[in-house]
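For reference, the structure is listed below as structure tokens.
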Amino acid sequence: MTNLRPRFWETVPLTKMTQAEWEALCDGCGKCCLNKLEYEDTGEVAYTRISCRLFDGDTCQCRDYPNRKLHVPECVVLTPKTLPKIAYWMPATCAYKLLFQKRKLPDWHPLLTGDPESTHKSGQSIMGLTIPETQVPEDDWEDYLIEETP
């Protein structure tokens with residue numbers, strides 16, 4: 001990772017990060033690409049194993065990240081401006097959510113380990129656990145709930 005200030009996440013506010021720094025915060029877990037169910041009566045958010053149609057479950061990456069909004073209009077683009085509105089459904093270990101809450105990155109985060117695979121090696125990603133949304137009717141998503149909580 002080049003063009004990143006040393007330990008920028010500890011000193012630079014989210015709103016002042018460069019685009020490269022902002023993108024480097026992502027640990028690559030893929031959990032934000034899971035379809036979630038939000039219960040209207042309680043506001044509770046439940047994660048499913050059902051992934052966005054652009055998500056590659058073998059690499060934990062979007063198949064067309066730069067153009068994702070063209071293919072998936074409902075995709076939420078995370079920015080410092082949108083973060084306060086959506087942090088409640090983001091994974092508990094998400095760097096964006098943690099820094100927004102003034103908390104520290106987990107010790108397995110790639111920015112701390114220097115290893116882009118550390119998220120997967122530590123068991124914190126959904127690599128190999130997902131089912132594409134095109135294979136499961138939305139009415140059946142509740143049958144695919146997982147334990148992850150935001």
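Labels used: A, B, ... for chains in the order of the structure tokens, numbers from 1 for residues in each chain, and numbers from 1 for ligands as shown.
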All strand (DSSP E) residues (DSSP, backbone) inside segment 6-141 of chain A, as a PyMOL selection string: chain A and resi 34-38+45-51+55-56+61-62+131-132
Per-residue nearest contacts of segment 104-145 of chain A to segment 56-70 of chain A (8 Å; only C-alpha atoms) as a Markdown table:
| residue | atom | partner | partner_atom | distance |
| --- | --- | --- | --- | --- |
| A:Ser125 | CA | A:Cys60 | CA | 7.7 |
| A:Ile126 | CA | A:Cys60 | CA | 7.1 |
| A:Met127 | CA | A:Gly57 | CA | 5.4 |
| A:Gly128 | CA | A:Gly57 | CA | 5.3 |
| A:Leu129 | CA | A:Gly57 | CA | 7.0 |
| A:Thr130 | CA | A:Gly57 | CA | 5.9 |
| A:Ile131 | CA | A:Gly57 | CA | 7.8 |
Take the residues just selected and output them with C-alpha atoms as an mmCIF file, in the first residue's frame.
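Output (out29.cif):
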data_model
loop_
_atom_site.group_PDB
_atom_site.id
_atom_site.type_symbol
_atom_site.label_atom_id
_atom_site.label_comp_id
_atom_site.auth_asym_id
_atom_site.auth_seq_id
_atom_site.Cartn_x
_atom_site.Cartn_y
_atom_site.Cartn_z
ATOM 1 C CA SER A 125 -14.222 -13.055 6.487
ATOM 2 C CA ILE A 126 -17.093 -14.793 4.730
ATOM 3 C CA MET A 127 -14.829 -16.307 2.094
ATOM 4 C CA GLY A 128 -16.365 -19.532 0.802
ATOM 5 C CA LEU A 129 -19.536 -19.206 2.911
ATOM 6 C CA THR A 130 -21.916 -17.327 0.646
ATOM 7 C CA ILE A 131 -24.698 -18.143 -1.789
#
message: When you look at Leu37 of chain A with a cut-off of 9 Å (counting only C-alpha atoms), what residues show up, excluding the ones that are within fewer than 6 positions of it in the same chain? I need them as a PyMOL selection string.
response: chain A and resi 44-48+141-142+145
Just write the chosen residues, N, CA and C atoms, as a PDB file, in the first residue's frame.
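Wrote it out as again.pdb, contents follow:
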ATOM      1  N   GLU A  44     -34.030  -4.602  14.513  1.00  0.00           N
ATOM      2  CA  GLU A  44     -32.924  -5.560  14.518  1.00  0.00           C
ATOM      3  C   GLU A  44     -32.491  -5.874  13.083  1.00  0.00           C
ATOM      4  N   VAL A  45     -31.182  -6.025  12.913  1.00  0.00           N
ATOM      5  CA  VAL A  45     -30.618  -6.375  11.609  1.00  0.00           C
ATOM      6  C   VAL A  45     -30.039  -7.778  11.712  1.00  0.00           C
ATOM      7  N   ALA A  46     -30.453  -8.635  10.799  1.00  0.00           N
ATOM      8  CA  ALA A  46     -29.945 -10.010  10.769  1.00  0.00           C
ATOM      9  C   ALA A  46     -29.194 -10.227   9.455  1.00  0.00           C
ATOM     10  N   TYR A  47     -28.048 -10.859   9.561  1.00  0.00           N
ATOM     11  CA  TYR A  47     -27.226 -11.151   8.382  1.00  0.00           C
ATOM     12  C   TYR A  47     -27.623 -12.509   7.801  1.00  0.00           C
ATOM     13  N   THR A  48     -27.581 -12.607   6.479  1.00  0.00           N
ATOM     14  CA  THR A  48     -27.805 -13.882   5.806  1.00  0.00           C
ATOM     15  C   THR A  48     -26.518 -14.302   5.101  1.00  0.00           C
ATOM     16  N   TRP A 141     -34.801 -16.012   2.245  1.00  0.00           N
ATOM     17  CA  TRP A 141     -33.562 -15.527   2.848  1.00  0.00           C
ATOM     18  C   TRP A 141     -33.505 -15.804   4.355  1.00  0.00           C
ATOM     19  N   GLU A 142     -34.638 -15.786   5.007  1.00  0.00           N
ATOM     20  CA  GLU A 142     -34.644 -16.014   6.456  1.00  0.00           C
ATOM     21  C   GLU A 142     -34.129 -17.410   6.808  1.00  0.00           C
ATOM     22  N   LEU A 145     -29.965 -17.356   7.710  1.00  0.00           N
ATOM     23  CA  LEU A 145     -29.416 -16.435   8.699  1.00  0.00           C
ATOM     24  C   LEU A 145     -28.104 -16.977   9.260  1.00  0.00           C
TER      25      LEU A 145
END
message: With DSSP run on the backbone, what are the helix (DSSP H, G or I) residues within segment 62-109 of chain A? I'd like them as a PyMOL selection string.
response: chain A and resi 65-71+83-89+95-100
Who sits within 12 Å of Val76 of chain A, only C-alpha atoms, same chain under 2 positions skipped, as JSON, numbers by chain: {"A": [32, 33, 34, 35, 52, 65, 68, 69, 70, 72, 73, 74, 78, 79, 81, 82, 83, 85, 86, 87, 89, 90]}
query: Could you state the separation of atom CA of Arg7 of chain A and atom CA of Gly30 of chain A in Å, given to one decimal place?
result: 23.0 Å
query: So how far away is atom CA of Tyr88 of chain A from atom CA of Ser51 of chain A, in Å?
result: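 Separation between atom CA of Ser51 of chain A and atom CA of Tyr88 of chain A: 18.8 Å.
Residues surrounding Ala92 of chain A within 12 Å are Cys29, Lys31, Cys32, Val45, Tyr47, Ala87, Tyr88, Tyr96, Lys97, Leu98, Leu99, Phe100, Gln101, Arg103, Lys104, Leu105, Pro106, Gln124, Glu147, Glu148, Thr149 and Pro150 of chain A [only C-alpha atoms; sequence separation below 4 positions excluded].
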Could you write out the selected residues, including N, CA and C atoms, as a PDB file, in the first residue's frame?
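So selection09.pdb came out as:
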ATOM      1  N   CYS A  29     -13.409  -8.305   4.436  1.00  0.00           N
ATOM      2  CA  CYS A  29     -14.177  -9.409   5.021  1.00  0.00           C
ATOM      3  C   CYS A  29     -15.355  -9.816   4.150  1.00  0.00           C
ATOM      4  N   LYS A  31     -18.458  -8.872   4.507  1.00  0.00           N
ATOM      5  CA  LYS A  31     -19.726  -8.904   5.233  1.00  0.00           C
ATOM      6  C   LYS A  31     -20.691  -7.802   4.809  1.00  0.00           C
ATOM      7  N   CYS A  32     -20.163  -6.684   4.353  1.00  0.00           N
ATOM      8  CA  CYS A  32     -21.057  -5.610   3.919  1.00  0.00           C
ATOM      9  C   CYS A  32     -21.802  -6.000   2.638  1.00  0.00           C
ATOM     10  N   VAL A  45     -31.182  -6.025  12.913  1.00  0.00           N
ATOM     11  CA  VAL A  45     -30.618  -6.375  11.609  1.00  0.00           C
ATOM     12  C   VAL A  45     -30.039  -7.778  11.712  1.00  0.00           C
ATOM     13  N   TYR A  47     -28.048 -10.859   9.561  1.00  0.00           N
ATOM     14  CA  TYR A  47     -27.226 -11.151   8.382  1.00  0.00           C
ATOM     15  C   TYR A  47     -27.623 -12.509   7.801  1.00  0.00           C
ATOM     16  N   ALA A  87     -24.078   2.972   9.741  1.00  0.00           N
ATOM     17  CA  ALA A  87     -23.162   2.250  10.634  1.00  0.00           C
ATOM     18  C   ALA A  87     -23.880   1.178  11.453  1.00  0.00           C
ATOM     19  N   TYR A  88     -25.151   1.391  11.748  1.00  0.00           N
ATOM     20  CA  TYR A  88     -25.875   0.445  12.595  1.00  0.00           C
ATOM     21  C   TYR A  88     -25.965  -0.958  11.995  1.00  0.00           C
ATOM     22  N   TYR A  96     -14.432   0.996   9.371  1.00  0.00           N
ATOM     23  CA  TYR A  96     -15.156   2.263   9.220  1.00  0.00           C
ATOM     24  C   TYR A  96     -16.049   2.495  10.442  1.00  0.00           C
ATOM     25  N   LYS A  97     -16.782   1.470  10.834  1.00  0.00           N
ATOM     26  CA  LYS A  97     -17.666   1.573  11.994  1.00  0.00           C
ATOM     27  C   LYS A  97     -16.859   1.789  13.275  1.00  0.00           C
ATOM     28  N   LEU A  98     -15.783   1.028  13.444  1.00  0.00           N
ATOM     29  CA  LEU A  98     -14.958   1.162  14.643  1.00  0.00           C
ATOM     30  C   LEU A  98     -14.372   2.561  14.777  1.00  0.00           C
ATOM     31  N   LEU A  99     -13.815   3.080  13.689  1.00  0.00           N
ATOM     32  CA  LEU A  99     -13.218   4.421  13.749  1.00  0.00           C
ATOM     33  C   LEU A  99     -14.293   5.492  13.953  1.00  0.00           C
ATOM     34  N   PHE A 100     -15.444   5.310  13.350  1.00  0.00           N
ATOM     35  CA  PHE A 100     -16.570   6.219  13.553  1.00  0.00           C
ATOM     36  C   PHE A 100     -16.966   6.246  15.029  1.00  0.00           C
ATOM     37  N   GLN A 101     -16.864   5.081  15.679  1.00  0.00           N
ATOM     38  CA  GLN A 101     -17.194   4.965  17.100  1.00  0.00           C
ATOM     39  C   GLN A 101     -15.998   5.288  18.006  1.00  0.00           C
ATOM     40  N   ARG A 103     -13.113   3.789  18.156  1.00  0.00           N
ATOM     41  CA  ARG A 103     -12.525   2.567  18.692  1.00  0.00           C
ATOM     42  C   ARG A 103     -11.337   2.155  17.828  1.00  0.00           C
ATOM     43  N   LYS A 104     -10.570   1.180  18.291  1.00  0.00           N
ATOM     44  CA  LYS A 104      -9.353   0.738  17.602  1.00  0.00           C
ATOM     45  C   LYS A 104      -9.646  -0.378  16.607  1.00  0.00           C
ATOM     46  N   LEU A 105      -8.743  -0.517  15.641  1.00  0.00           N
ATOM     47  CA  LEU A 105      -8.836  -1.608  14.687  1.00  0.00           C
ATOM     48  C   LEU A 105      -8.511  -2.928  15.382  1.00  0.00           C
ATOM     49  N   PRO A 106      -9.127  -4.025  14.934  1.00  0.00           N
ATOM     50  CA  PRO A 106      -8.776  -5.326  15.511  1.00  0.00           C
ATOM     51  C   PRO A 106      -7.348  -5.703  15.131  1.00  0.00           C
ATOM     52  N   GLN A 124     -12.141 -14.073   9.985  1.00  0.00           N
ATOM     53  CA  GLN A 124     -13.046 -12.935  10.105  1.00  0.00           C
ATOM     54  C   GLN A 124     -13.797 -12.604   8.818  1.00  0.00           C
ATOM     55  N   GLU A 147     -24.828 -16.012  12.323  1.00  0.00           N
ATOM     56  CA  GLU A 147     -24.685 -15.445  13.657  1.00  0.00           C
ATOM     57  C   GLU A 147     -24.106 -14.030  13.718  1.00  0.00           C
ATOM     58  N   GLU A 148     -23.506 -13.558  12.645  1.00  0.00           N
ATOM     59  CA  GLU A 148     -22.886 -12.219  12.658  1.00  0.00           C
ATOM     60  C   GLU A 148     -23.909 -11.178  13.112  1.00  0.00           C
ATOM     61  N   THR A 149     -23.473 -10.308  14.002  1.00  0.00           N
ATOM     62  CA  THR A 149     -24.342  -9.213  14.430  1.00  0.00           C
ATOM     63  C   THR A 149     -23.590  -7.904  14.203  1.00  0.00           C
ATOM     64  N   PRO A 150     -24.330  -6.904  13.801  1.00  0.00           N
ATOM     65  CA  PRO A 150     -23.686  -5.606  13.567  1.00  0.00           C
ATOM     66  C   PRO A 150     -23.254  -4.921  14.856  1.00  0.00           C
TER      67      PRO A 150
END
